[in-house]
$ cat data23.txt   # compact mmCIF, C-alpha atoms
# COMPACT_ATOMS: atom_id res chain seq x y z
CA MET A 712 38.00 -34.51 54.04
CA GLN A 713 41.44 -33.01 54.34
CA ASN A 714 42.27 -29.32 54.57
CA LEU A 715 42.56 -28.47 50.90
CA PRO A 716 42.22 -25.52 48.56
CA PHE A 717 38.60 -24.75 47.78
CA GLU A 718 38.67 -26.11 44.25
CA ASN A 719 39.83 -29.52 45.46
CA GLN A 720 37.16 -29.68 48.14
CA ARG A 721 34.43 -29.08 45.58
CA CYS A 722 35.77 -31.73 43.21
CA SER A 723 33.43 -34.74 43.27
CA VAL A 724 36.36 -37.11 42.78
CA ALA A 725 37.96 -35.65 45.90
CA ALA A 726 34.63 -35.78 47.73
CA ALA A 727 34.07 -39.42 46.77
CA LEU A 728 37.63 -40.31 47.79
CA GLY A 729 37.02 -38.64 51.15
CA GLU A 730 34.18 -41.10 51.81
CA VAL A 731 35.38 -44.33 50.21
CA GLY A 732 39.04 -43.86 49.20
CA GLU A 733 40.59 -45.15 52.38
CA TRP A 734 42.23 -48.57 51.86
CA TRP A 735 40.29 -50.55 54.47
CA THR A 736 37.02 -48.80 53.67
CA LEU A 737 36.86 -50.10 50.12
CA LEU A 738 37.84 -53.61 51.24
CA ILE A 739 35.03 -53.49 53.83
CA LEU A 740 32.67 -52.48 51.02
CA ARG A 741 33.99 -55.35 48.88
CA GLU A 742 32.93 -57.69 51.71
CA ALA A 743 29.54 -56.00 51.96
CA PHE A 744 29.01 -56.62 48.22
CA PHE A 745 29.92 -60.27 48.81
CA GLY A 746 27.11 -60.42 51.40
CA THR A 747 29.12 -60.08 54.62
CA ALA A 748 26.99 -58.40 57.28
CA ARG A 749 28.24 -59.33 60.78
CA PHE A 750 31.08 -57.54 62.55
CA THR A 751 32.78 -60.86 63.31
CA ASP A 752 32.58 -61.96 59.66
CA PHE A 753 34.13 -58.70 58.42
CA GLN A 754 36.89 -59.22 60.97
CA ALA A 755 37.54 -62.84 59.97
CA ASN A 756 37.34 -62.28 56.21
CA LEU A 757 39.56 -59.20 56.17
CA GLY A 758 42.02 -59.96 58.97
CA ILE A 759 41.53 -56.39 60.16
CA ALA A 760 42.13 -55.11 63.70
CA ARG A 761 38.96 -54.73 65.75
CA ASN A 762 39.48 -51.02 66.53
CA ILE A 763 40.15 -50.13 62.87
CA LEU A 764 37.10 -52.09 61.72
CA THR A 765 34.91 -50.35 64.33
CA ALA A 766 36.12 -46.90 63.26
CA ARG A 767 35.63 -47.58 59.53
CA LEU A 768 32.16 -49.13 59.99
CA ASN A 769 31.10 -46.18 62.16
CA LYS A 770 32.20 -43.73 59.47
CA LEU A 771 30.37 -45.73 56.78
CA VAL A 772 27.18 -45.59 58.86
CA GLU A 773 27.65 -41.84 59.49
CA THR A 774 28.07 -41.12 55.78
CA GLY A 775 24.98 -43.17 54.94
CA ILE A 776 26.78 -45.91 52.99
CA LEU A 777 25.91 -48.72 55.42
CA THR A 778 23.04 -49.19 57.86
CA ARG A 779 23.51 -50.89 61.23
CA ARG A 780 20.85 -52.79 63.08
CA LEU A 781 20.79 -55.21 65.97
CA ALA A 782 19.83 -58.76 65.07
CA PRO A 783 18.31 -61.28 67.48
CA GLY A 784 20.77 -63.83 68.80
CA ARG A 785 23.46 -64.38 71.35
CA GLY A 786 25.45 -61.19 72.02
CA ASN A 787 23.02 -59.05 69.99
CA PRO A 788 25.02 -59.18 66.76
CA ARG A 789 25.09 -55.98 64.72
CA LEU A 790 24.34 -56.35 61.03
CA TYR A 791 25.77 -53.93 58.47
CA ARG A 792 24.03 -53.58 55.08
CA LEU A 793 24.58 -51.41 52.04
CA THR A 794 22.19 -48.50 51.48
CA ASP A 795 21.28 -47.25 47.97
CA LYS A 796 24.25 -44.88 48.24
CA GLY A 797 26.42 -47.85 49.15
CA ARG A 798 25.13 -50.12 46.39
CA GLU A 799 25.91 -47.44 43.81
CA ILE A 800 29.60 -47.77 44.68
CA LEU A 801 29.58 -50.95 42.55
CA PRO A 802 30.79 -49.19 39.35
CA ILE A 803 33.80 -47.76 41.26
CA PHE A 804 34.52 -51.20 42.64
CA ILE A 805 34.29 -52.89 39.23
CA ALA A 806 36.39 -50.18 37.54
CA LEU A 807 39.13 -50.70 40.17
CA MET A 808 38.94 -54.49 39.83
CA GLN A 809 39.13 -54.47 36.03
CA TRP A 810 42.06 -52.05 36.02
CA GLY A 811 43.86 -54.14 38.65
CA ASP A 812 43.15 -57.33 36.65
CA ARG A 813 44.51 -55.79 33.48
CA TRP A 814 47.56 -53.93 34.74
CA ILE A 815 48.63 -55.72 37.93
CA ASN A 816 47.08 -59.21 38.22
CA ASP A 817 46.84 -59.91 34.51
CA GLY A 818 46.30 -63.25 32.79
CA ASP A 819 47.00 -66.21 35.06
CA LYS A 820 47.11 -64.02 38.16
CA THR A 821 43.48 -62.85 38.04
CA PRO A 822 42.00 -63.92 41.41
CA VAL A 823 38.26 -63.66 40.66
CA ARG A 824 36.09 -62.97 37.64
CA VAL A 825 32.68 -61.25 37.51
CA ILE A 826 30.27 -63.10 35.23
CA GLU A 827 26.71 -62.55 34.11
CA ALA A 828 24.66 -65.15 35.99
CA ALA A 829 22.30 -65.86 33.07
CA THR A 830 24.99 -66.52 30.45
CA GLY A 831 28.14 -67.36 32.44
CA GLU A 832 30.03 -64.82 30.32
CA GLU A 833 32.47 -62.37 31.83
CA ILE A 834 31.00 -58.87 32.02
CA ALA A 835 32.18 -56.15 29.63
CA ARG A 836 34.97 -53.70 30.40
CA ILE A 837 33.40 -50.70 32.11
CA GLY A 838 34.00 -47.33 30.45
CA PRO A 839 32.50 -43.97 29.52
CA GLN A 840 29.69 -44.00 26.97
CA SER A 841 27.38 -41.56 25.25
CA ARG A 842 23.72 -41.48 26.29
CA ASP A 843 22.91 -43.88 23.44
CA GLY A 844 25.57 -46.38 24.46
CA ARG A 845 28.55 -45.60 22.19
CA PRO A 846 31.92 -46.03 23.92
CA LEU A 847 33.71 -42.66 24.23
CA ALA A 848 37.47 -42.14 24.10
CA ALA A 849 38.95 -39.42 26.30
CA ARG A 850 39.49 -37.12 23.30
CA GLU A 851 35.75 -37.28 22.53
CA MET A 852 34.81 -35.79 25.90
CA ARG A 853 35.04 -32.30 27.41
CA ILE A 854 34.95 -30.97 30.96
CA VAL A 855 32.61 -27.98 31.40
CA PRO A 856 31.69 -26.03 34.56
CA GLY A 857 28.66 -27.41 36.41
CA PRO A 858 26.03 -25.41 38.32
CA GLY A 859 28.17 -25.58 41.48
CA ALA A 860 31.41 -24.42 39.87
CA ASP A 861 33.36 -21.88 41.92
CA PRO A 862 35.02 -18.90 40.13
CA ALA A 863 38.35 -20.75 39.77
CA THR A 864 36.62 -23.74 38.14
CA ARG A 865 34.67 -21.42 35.80
CA ARG A 866 37.86 -19.69 34.75
CA ARG A 867 39.58 -22.97 34.17
CA PHE A 868 36.91 -24.87 32.26
CA GLY A 869 34.78 -22.05 30.89
CA GLY A 870 36.46 -18.85 29.74
CA PRO A 871 36.62 -17.68 26.13
CA ARG A 872 36.45 -21.25 24.79
CA SER A 873 33.45 -22.08 26.93
CA ASP A 874 31.51 -23.72 24.10
CA ALA A 875 34.21 -26.32 23.74
CA GLY A 876 35.00 -26.68 27.43
CA HIS A 877 38.28 -28.27 28.44
CA SER A 878 39.27 -31.38 26.59
CA LEU A 879 40.07 -34.65 28.32
CA GLN A 880 42.78 -35.55 25.86
CA GLU A 881 44.27 -38.95 25.33
CA ASP A 882 47.25 -37.90 23.30
CA HIS A 883 49.14 -35.86 25.85
CA ALA A 884 51.70 -38.64 26.17
CA SER A 885 53.22 -37.77 22.81
CA PRO A 886 55.62 -34.80 22.60
CA ARG A 887 54.05 -31.53 21.46
CA MET B 444 50.96 -52.39 49.49
CA GLN B 445 50.27 -52.93 53.15
CA ASN B 446 51.00 -56.07 55.14
CA LEU B 447 47.76 -57.96 54.63
CA PRO B 448 46.42 -61.49 54.59
CA PHE B 449 47.18 -63.27 51.35
CA GLU B 450 43.64 -63.13 50.00
CA ASN B 451 43.54 -59.35 50.31
CA GLN B 452 46.88 -58.98 48.57
CA ARG B 453 45.68 -60.95 45.58
CA CYS B 454 42.45 -58.97 45.30
CA SER B 455 42.65 -56.72 42.23
CA VAL B 456 40.63 -54.02 44.00
CA ALA B 457 43.22 -54.00 46.78
CA ALA B 458 46.04 -54.06 44.22
CA ALA B 459 44.54 -51.14 42.28
CA LEU B 460 43.99 -49.18 45.49
CA GLY B 461 47.62 -49.78 46.41
CA GLU B 462 48.70 -47.96 43.24
CA VAL B 463 46.09 -45.23 42.84
CA GLY B 464 43.98 -45.14 46.02
CA GLU B 465 46.02 -42.58 47.89
CA TRP B 466 44.18 -39.27 48.16
CA TRP B 467 46.75 -37.04 46.46
CA THR B 468 47.60 -39.64 43.85
CA LEU B 469 44.15 -39.62 42.30
CA LEU B 470 44.02 -35.80 42.38
CA ILE B 471 47.40 -35.73 40.60
CA LEU B 472 45.93 -38.09 38.00
CA ARG B 473 42.87 -35.83 37.70
CA GLU B 474 45.26 -33.02 36.76
CA ALA B 475 47.08 -35.26 34.28
CA PHE B 476 43.74 -36.01 32.59
CA PHE B 477 43.12 -32.25 32.42
CA GLY B 478 46.42 -31.93 30.54
CA THR B 479 48.71 -30.75 33.34
CA ALA B 480 52.27 -31.94 32.68
CA ARG B 481 54.79 -29.68 34.47
CA PHE B 482 55.75 -30.10 38.11
CA THR B 483 55.09 -26.43 38.80
CA ASP B 484 51.60 -26.63 37.27
CA PHE B 485 50.67 -29.67 39.38
CA GLN B 486 51.88 -27.75 42.40
CA ALA B 487 49.93 -24.58 41.57
CA ASN B 488 46.70 -26.35 40.53
CA LEU B 489 46.57 -28.68 43.53
CA GLY B 490 48.07 -26.53 46.29
CA ILE B 491 50.16 -29.55 47.30
CA ALA B 492 53.44 -29.45 49.22
CA ARG B 493 56.52 -29.87 47.04
CA ASN B 494 57.88 -32.90 48.91
CA ILE B 495 54.54 -34.74 48.80
CA LEU B 496 54.14 -34.01 45.10
CA THR B 497 57.67 -35.26 44.39
CA ALA B 498 57.06 -38.51 46.29
CA ARG B 499 53.70 -39.17 44.60
CA LEU B 500 55.01 -38.40 41.10
CA ASN B 501 58.03 -40.66 41.68
CA LYS B 502 55.76 -43.52 42.71
CA LEU B 503 53.51 -42.97 39.67
CA VAL B 504 56.56 -43.15 37.40
CA GLU B 505 57.82 -46.30 39.19
CA THR B 506 54.47 -48.06 38.79
CA GLY B 507 54.35 -47.14 35.09
CA ILE B 508 51.32 -44.84 35.30
CA LEU B 509 53.19 -41.66 34.29
CA THR B 510 56.30 -41.11 32.21
CA ARG B 511 58.80 -38.36 33.03
CA ARG B 512 61.00 -36.61 30.51
CA LEU B 513 63.07 -33.48 30.49
CA ALA B 514 61.80 -30.71 28.22
CA PRO B 515 63.91 -27.97 26.73
CA GLY B 516 63.65 -24.64 28.49
CA ARG B 517 64.92 -22.72 31.49
CA GLY B 518 65.60 -25.01 34.45
CA ASN B 519 65.06 -28.18 32.37
CA PRO B 520 61.40 -28.63 33.27
CA ARG B 521 60.25 -32.22 33.79
CA LEU B 522 57.09 -33.22 31.97
CA TYR B 523 54.81 -35.93 33.34
CA ARG B 524 52.44 -37.74 30.95
CA LEU B 525 49.97 -40.59 31.29
CA THR B 526 51.00 -43.99 29.90
CA ASP B 527 48.42 -46.45 28.52
CA LYS B 528 48.14 -47.88 32.03
CA GLY B 529 47.51 -44.36 33.31
CA ARG B 530 44.96 -43.46 30.66
CA GLU B 531 42.95 -46.57 31.50
CA ILE B 532 42.34 -45.15 34.98
CA LEU B 533 39.69 -42.92 33.35
CA PRO B 534 36.76 -45.29 34.12
CA ILE B 535 37.75 -45.31 37.83
CA PHE B 536 37.96 -41.53 37.77
CA ILE B 537 34.56 -41.13 36.08
CA ALA B 538 32.92 -43.68 38.38
CA LEU B 539 34.19 -41.74 41.42
CA MET B 540 33.08 -38.41 39.94
CA GLN B 541 29.58 -39.61 39.06
CA TRP B 542 29.08 -41.17 42.50
CA GLY B 543 30.33 -37.98 44.19
CA ASP B 544 28.06 -35.86 41.98
CA ARG B 545 25.05 -37.99 42.80
CA TRP B 546 25.53 -38.60 46.51
CA ILE B 547 27.61 -35.67 47.81
CA ASN B 548 27.64 -32.73 45.36
CA ASP B 549 24.20 -33.34 43.92
CA GLY B 550 22.10 -30.93 41.84
CA ASP B 551 23.22 -27.32 42.18
CA LYS B 552 26.48 -28.33 43.83
CA THR B 553 27.94 -30.26 40.89
CA PRO B 554 31.28 -28.53 40.15
CA VAL B 555 32.00 -29.87 36.63
CA ARG B 556 30.20 -31.97 34.05
CA VAL B 557 31.68 -34.36 31.49
CA ILE B 558 30.06 -33.93 28.07
CA GLU B 559 30.42 -35.62 24.72
CA ALA B 560 32.27 -33.09 22.55
CA ALA B 561 30.30 -33.88 19.38
CA THR B 562 26.81 -33.51 20.89
CA GLY B 563 27.30 -31.40 24.03
CA GLU B 564 25.30 -33.99 25.96
CA GLU B 565 26.34 -35.21 29.36
CA ILE B 566 27.85 -38.70 29.19
CA ALA B 567 25.88 -41.70 30.47
CA ARG B 568 26.16 -43.07 34.00
CA ILE B 569 28.94 -45.62 34.01
CA GLY B 570 28.01 -49.12 35.17
CA PRO B 571 28.43 -52.86 34.64
CA GLN B 572 27.11 -54.29 31.37
CA SER B 573 26.93 -57.60 29.59
CA ARG B 574 29.19 -58.16 26.59
CA ASP B 575 26.36 -57.06 24.30
CA GLY B 576 25.76 -53.83 26.20
CA ARG B 577 22.84 -54.61 28.51
CA PRO B 578 23.10 -52.87 31.93
CA LEU B 579 23.51 -55.46 34.70
CA ALA B 580 22.18 -55.12 38.25
CA ALA B 581 24.26 -56.60 41.07
CA ARG B 582 21.86 -59.54 41.46
CA GLU B 583 22.46 -60.48 37.80
CA MET B 584 26.19 -61.00 38.36
CA ARG B 585 28.26 -63.67 40.11
CA ILE B 586 31.81 -63.80 41.43
CA VAL B 587 33.72 -66.93 40.40
CA PRO B 588 37.35 -67.93 41.06
CA GLY B 589 39.79 -66.75 38.39
CA PRO B 590 42.93 -68.58 37.17
CA GLY B 591 45.00 -66.95 39.92
CA ALA B 592 42.64 -67.77 42.79
CA ASP B 593 44.38 -69.04 45.93
CA PRO B 594 42.83 -71.94 47.90
CA ALA B 595 40.90 -69.59 50.21
CA THR B 596 39.37 -67.76 47.24
CA ARG B 597 38.47 -71.08 45.57
CA ARG B 598 36.78 -72.28 48.74
CA ARG B 599 34.89 -69.04 49.08
CA PHE B 600 33.68 -68.53 45.52
CA GLY B 601 33.81 -72.06 44.17
CA GLY B 602 32.88 -74.95 46.45
CA PRO B 603 29.81 -77.13 46.02
CA ARG B 604 27.85 -74.35 44.34
CA SER B 605 30.68 -73.63 41.94
CA ASP B 606 28.47 -73.47 38.84
CA ALA B 607 26.57 -70.56 40.30
CA GLY B 608 29.55 -68.84 41.91
CA HIS B 609 28.94 -66.31 44.63
CA SER B 610 26.20 -63.82 44.00
CA LEU B 611 26.73 -60.08 44.14
CA GLN B 612 23.33 -59.43 45.62
CA GLU B 613 21.55 -56.16 45.73
CA ASP B 614 18.89 -57.06 48.23
CA HIS B 615 21.01 -57.65 51.29
CA ALA B 616 19.76 -54.42 52.83
CA SER B 617 16.33 -55.91 53.52
CA PRO B 618 15.96 -58.12 56.61
CA ARG B 619 16.17 -61.84 55.92

$ encode --input "data23.txt" --output "structure tokens"
Amino acid sequence: MQNLPFENQRCSVAAALGEVGEWWTLLILREAFFGTARFTDFQANLGIARNILTARLNKLVETGILTRRLAPGRGNPRLYRLTDKGREILPIFIALMQWGDRWINDGDKTPVRVIEAATGEEIARIGPQSRDGRPLAAREMRIVPGPGADPATRRRFGGPRSDAGHSLQEDHASPR
Amino acid sequence: MQNLPFENQRCSVAAALGEVGEWWTLLILREAFFGTARFTDFQANLGIARNILTARLNKLVETGILTRRLAPGRGNPRLYRLTDKGREILPIFIALMQWGDRWINDGDKTPVRVIEAATGEEIARIGPQSRDGRPLAAREMRIVPGPGADPATRRRFGGPRSDAGHSLQEDHASPR
């Protein structure tokens, strides 16, 4: 994590980015989701320099996102596997892919699709929902201080309007 | 985007990361979702250097994620607002926040919560679903080549087992 003001360090988005936001790191995790486990396969599939791959894999093992174990075989190959923490990165991965498909590689340019195995249908667009499964627009949600909020966060998202919290508005693009 | 093998360049995860994966960029977008619009407010809320903020905002305007307009007032303040492309980053943002809350800032350390305004309840955990709203585990999904797949991607995810595609398996962590 970088040297940042306190409020940014406590932000879970910033914290998550600190562990998985680096360019190569998320592509390594993409490979791990595709079933890649051996150092040499990561290297071949990604076209990544050996020293960069070593550094990124070491960090992913340190942060508990991948496990490393030695497998039997010539040269004692090391196998890298996703932990529970690593497997739960899947929603981040799918959210990035769907946004990239829609806004950058749209239509004929979409390189891969994610389908439900049982039906062959493309999966739904991922998005925020209520506990009972209703899709929520940004304007229907509020940010409120959590139990670990520092004083600056409490002032910002609590304060006199603390019942309402701070709105995540969709309509800020229009003039006000 | 970095200088990468062709397959990585076409990957929508890589493409999305190229536009929003930079550390400061996603924190700037966090602020935009919170309603921050003025250059000076981004600067004050993030504690970011002026030259870095300028460069990141310029790139976000170039890639069509933010719009910039001049507002009336002393010094002609510039206002930055999310476009539709920018607003659709929200699922990425929430996926990162929920993962960070769960695996880094868990329990008492959670800095903010996202609630449904109407009920006050915390929103659901974001995750992949079928078209009719059933949650899907990784092993229930497959990767198949899309219309823009290059030959390498077709070989990898199509091939002789092309009906099944390539599984996104959950159980790779166990020895096989």

$ calpha_fit_and_write --input "data23.txt" --fixed "chain B" --moving "chain A" --output "tab-separated table (two decimals) with C-alpha atoms, keeping the file's coordinate frame"
chain	number	residue	atom	x	y	z
A	712	MET	CA	50.84	-52.43	49.43
A	713	GLN	CA	50.22	-52.93	53.12
A	714	ASN	CA	50.98	-56.06	55.12
A	715	LEU	CA	47.74	-57.95	54.64
A	716	PRO	CA	46.41	-61.49	54.63
A	717	PHE	CA	47.17	-63.27	51.38
A	718	GLU	CA	43.64	-63.14	50.04
A	719	ASN	CA	43.54	-59.35	50.33
A	720	GLN	CA	46.89	-58.95	48.60
A	721	ARG	CA	45.68	-60.95	45.61
A	722	CYS	CA	42.45	-58.96	45.32
A	723	SER	CA	42.66	-56.71	42.25
A	724	VAL	CA	40.63	-54.02	44.01
A	725	ALA	CA	43.22	-54.00	46.79
A	726	ALA	CA	46.03	-54.05	44.23
A	727	ALA	CA	44.54	-51.14	42.29
A	728	LEU	CA	43.99	-49.18	45.51
A	729	GLY	CA	47.63	-49.78	46.42
A	730	GLU	CA	48.68	-47.96	43.24
A	731	VAL	CA	46.07	-45.23	42.85
A	732	GLY	CA	43.96	-45.15	46.04
A	733	GLU	CA	45.99	-42.59	47.91
A	734	TRP	CA	44.16	-39.24	48.15
A	735	TRP	CA	46.77	-37.02	46.48
A	736	THR	CA	47.60	-39.63	43.86
A	737	LEU	CA	44.15	-39.61	42.31
A	738	LEU	CA	44.02	-35.80	42.38
A	739	ILE	CA	47.39	-35.72	40.59
A	740	LEU	CA	45.92	-38.09	38.00
A	741	ARG	CA	42.86	-35.84	37.69
A	742	GLU	CA	45.27	-33.02	36.75
A	743	ALA	CA	47.09	-35.27	34.29
A	744	PHE	CA	43.74	-36.02	32.58
A	745	PHE	CA	43.12	-32.27	32.40
A	746	GLY	CA	46.44	-31.94	30.52
A	747	THR	CA	48.72	-30.76	33.34
A	748	ALA	CA	52.27	-31.94	32.68
A	749	ARG	CA	54.78	-29.68	34.48
A	750	PHE	CA	55.78	-30.11	38.12
A	751	THR	CA	55.11	-26.43	38.80
A	752	ASP	CA	51.62	-26.63	37.26
A	753	PHE	CA	50.69	-29.67	39.37
A	754	GLN	CA	51.90	-27.74	42.41
A	755	ALA	CA	49.94	-24.59	41.56
A	756	ASN	CA	46.73	-26.35	40.52
A	757	LEU	CA	46.60	-28.69	43.51
A	758	GLY	CA	48.09	-26.53	46.26
A	759	ILE	CA	50.15	-29.55	47.29
A	760	ALA	CA	53.44	-29.45	49.23
A	761	ARG	CA	56.51	-29.87	47.04
A	762	ASN	CA	57.88	-32.91	48.92
A	763	ILE	CA	54.52	-34.75	48.80
A	764	LEU	CA	54.12	-34.01	45.09
A	765	THR	CA	57.66	-35.27	44.39
A	766	ALA	CA	57.05	-38.51	46.30
A	767	ARG	CA	53.69	-39.19	44.60
A	768	LEU	CA	54.99	-38.41	41.09
A	769	ASN	CA	58.00	-40.67	41.68
A	770	LYS	CA	55.73	-43.54	42.72
A	771	LEU	CA	53.49	-42.98	39.67
A	772	VAL	CA	56.55	-43.17	37.40
A	773	GLU	CA	57.80	-46.31	39.21
A	774	THR	CA	54.45	-48.06	38.80
A	775	GLY	CA	54.33	-47.15	35.11
A	776	ILE	CA	51.30	-44.85	35.32
A	777	LEU	CA	53.17	-41.68	34.30
A	778	THR	CA	56.30	-41.12	32.22
A	779	ARG	CA	58.80	-38.37	33.03
A	780	ARG	CA	60.99	-36.64	30.52
A	781	LEU	CA	63.08	-33.50	30.49
A	782	ALA	CA	61.80	-30.75	28.23
A	783	PRO	CA	63.95	-28.01	26.71
A	784	GLY	CA	63.69	-24.68	28.48
A	785	ARG	CA	64.92	-22.74	31.45
A	786	GLY	CA	65.54	-25.00	34.46
A	787	ASN	CA	65.06	-28.18	32.38
A	788	PRO	CA	61.39	-28.64	33.26
A	789	ARG	CA	60.24	-32.22	33.79
A	790	LEU	CA	57.08	-33.23	31.97
A	791	TYR	CA	54.80	-35.95	33.34
A	792	ARG	CA	52.43	-37.75	30.94
A	793	LEU	CA	49.97	-40.60	31.30
A	794	THR	CA	50.98	-44.00	29.91
A	795	ASP	CA	48.40	-46.48	28.52
A	796	LYS	CA	48.13	-47.89	32.05
A	797	GLY	CA	47.50	-44.38	33.31
A	798	ARG	CA	44.95	-43.47	30.65
A	799	GLU	CA	42.94	-46.58	31.51
A	800	ILE	CA	42.34	-45.16	34.98
A	801	LEU	CA	39.69	-42.92	33.36
A	802	PRO	CA	36.76	-45.29	34.14
A	803	ILE	CA	37.74	-45.30	37.85
A	804	PHE	CA	37.95	-41.53	37.78
A	805	ILE	CA	34.56	-41.12	36.08
A	806	ALA	CA	32.90	-43.68	38.39
A	807	LEU	CA	34.19	-41.73	41.43
A	808	MET	CA	33.08	-38.40	39.95
A	809	GLN	CA	29.58	-39.59	39.08
A	810	TRP	CA	29.07	-41.15	42.51
A	811	GLY	CA	30.34	-37.98	44.19
A	812	ASP	CA	28.06	-35.85	41.97
A	813	ARG	CA	25.05	-37.97	42.83
A	814	TRP	CA	25.53	-38.58	46.53
A	815	ILE	CA	27.63	-35.66	47.81
A	816	ASN	CA	27.65	-32.72	45.36
A	817	ASP	CA	24.21	-33.32	43.90
A	818	GLY	CA	22.09	-30.92	41.86
A	819	ASP	CA	23.22	-27.31	42.17
A	820	LYS	CA	26.49	-28.31	43.83
A	821	THR	CA	27.94	-30.25	40.88
A	822	PRO	CA	31.28	-28.52	40.13
A	823	VAL	CA	31.99	-29.86	36.62
A	824	ARG	CA	30.19	-31.96	34.04
A	825	VAL	CA	31.68	-34.36	31.47
A	826	ILE	CA	30.05	-33.94	28.06
A	827	GLU	CA	30.43	-35.61	24.70
A	828	ALA	CA	32.27	-33.09	22.53
A	829	ALA	CA	30.31	-33.91	19.36
A	830	THR	CA	26.82	-33.53	20.86
A	831	GLY	CA	27.31	-31.40	23.99
A	832	GLU	CA	25.30	-33.98	25.94
A	833	GLU	CA	26.35	-35.19	29.35
A	834	ILE	CA	27.84	-38.69	29.19
A	835	ALA	CA	25.87	-41.68	30.48
A	836	ARG	CA	26.13	-43.05	34.00
A	837	ILE	CA	28.93	-45.62	34.02
A	838	GLY	CA	27.97	-49.11	35.18
A	839	PRO	CA	28.43	-52.84	34.65
A	840	GLN	CA	27.11	-54.28	31.39
A	841	SER	CA	26.93	-57.60	29.61
A	842	ARG	CA	29.20	-58.17	26.60
A	843	ASP	CA	26.36	-57.06	24.31
A	844	GLY	CA	25.77	-53.83	26.20
A	845	ARG	CA	22.82	-54.60	28.52
A	846	PRO	CA	23.09	-52.88	31.92
A	847	LEU	CA	23.50	-55.47	34.71
A	848	ALA	CA	22.16	-55.13	38.24
A	849	ALA	CA	24.25	-56.59	41.06
A	850	ARG	CA	21.86	-59.54	41.46
A	851	GLU	CA	22.46	-60.49	37.81
A	852	MET	CA	26.18	-61.00	38.37
A	853	ARG	CA	28.26	-63.67	40.11
A	854	ILE	CA	31.82	-63.78	41.44
A	855	VAL	CA	33.73	-66.92	40.40
A	856	PRO	CA	37.36	-67.91	41.07
A	857	GLY	CA	39.81	-66.74	38.39
A	858	PRO	CA	42.93	-68.56	37.17
A	859	GLY	CA	44.99	-66.91	39.93
A	860	ALA	CA	42.64	-67.75	42.79
A	861	ASP	CA	44.38	-68.98	45.94
A	862	PRO	CA	42.84	-71.92	47.91
A	863	ALA	CA	40.91	-69.57	50.23
A	864	THR	CA	39.37	-67.74	47.26
A	865	ARG	CA	38.47	-71.07	45.59
A	866	ARG	CA	36.78	-72.27	48.74
A	867	ARG	CA	34.89	-69.04	49.09
A	868	PHE	CA	33.68	-68.52	45.53
A	869	GLY	CA	33.84	-72.04	44.13
A	870	GLY	CA	32.93	-74.96	46.36
A	871	PRO	CA	29.86	-77.16	45.89
A	872	ARG	CA	27.90	-74.35	44.22
A	873	SER	CA	30.72	-73.58	41.82
A	874	ASP	CA	28.47	-73.42	38.76
A	875	ALA	CA	26.59	-70.53	40.27
A	876	GLY	CA	29.57	-68.84	41.89
A	877	HIS	CA	28.96	-66.30	44.63
A	878	SER	CA	26.22	-63.81	44.02
A	879	LEU	CA	26.76	-60.07	44.17
A	880	GLN	CA	23.36	-59.41	45.66
A	881	GLU	CA	21.58	-56.11	45.77
A	882	ASP	CA	18.91	-57.05	48.24
A	883	HIS	CA	21.01	-57.68	51.32
A	884	ALA	CA	19.76	-54.43	52.83
A	885	SER	CA	16.37	-55.96	53.56
A	886	PRO	CA	16.00	-58.21	56.63
A	887	ARG	CA	16.27	-61.94	55.94

$ axis_aligned_box --input "data23.txt" --around "stretch 580-584 of chain B" --padding-each-side "5 Å" --output "AutoDock Vina command-line options"
--center_x 24.0 --center_y -58.1 --center_z 39.6 --size_x 14.3 --size_y 15.9 --size_z 13.7

$ residues_around --input "data23.txt" --residues "stretch 770-773 of chain A" --least-positions-apart "3" --cutoff "10 Å" --atoms "all atoms listed in the file" --output "ChimeraX atom specification"
/A:730-731,736,739-740,764-767,776-779,791-794,797

$ atom_distance --input "data23.txt" --atom1 "atom CA of A:Gln754" --atom2 "atom CA of A:Leu728"
23.1 Å

$ closest_residue --input "data23.txt" --among "A:Ala748, A:Leu847, A:Ile763, A:Val823" --to "chain B" --atoms "all atoms listed in the file"
A:Val823

$ residues_around --input "data23.txt" --residues "stretch 803-810 of chain A" --least-positions-apart "4" --cutoff "6 Å" --atoms "all atoms listed in the file" --output "count of residues only"
7

$ residues_around --input "data23.txt" --residues "B:Pro520" --least-positions-apart "3" --cutoff "9 Å" --atoms "all atoms listed in the file" --output "compact mmCIF listing (two decimals) with C-alpha atoms, keeping the file's coordinate frame"
# COMPACT_ATOMS: atom_id res chain seq x y z
CA ARG B 481 54.79 -29.68 34.47
CA PHE B 482 55.75 -30.10 38.11
CA THR B 483 55.09 -26.43 38.80
CA ARG B 512 61.00 -36.61 30.51
CA LEU B 513 63.07 -33.48 30.49
CA ALA B 514 61.80 -30.71 28.22
CA PRO B 515 63.91 -27.97 26.73
CA GLY B 516 63.65 -24.64 28.49
CA ARG B 517 64.92 -22.72 31.49

$ closest_residue --input "data23.txt" --among "B:Thr562, B:Leu522, B:Arg577, B:Ala458" --to "chain A" --atoms "only C-alpha atoms"
B:Ala458

$ closest_residue --input "data23.txt" --among "A:Leu757, A:Ala828, A:Leu768, A:Cys722" --to "A:Gly859" --atoms "only C-alpha atoms"
A:Cys722

$ residues_near_point --input "data23.txt" --point "(29.5, -44.1, 27.9)" --cutoff "10 Å" --atoms "only C-alpha atoms" --output "MDAnalysis selection string"
(chainID A and resid 837:848) or (chainID B and resid 534 559 565:570)

$ atom_distance --input "data23.txt" --atom1 "atom CA of A:Lys796" --atom2 "atom CA of A:Gly746"
16.1 Å
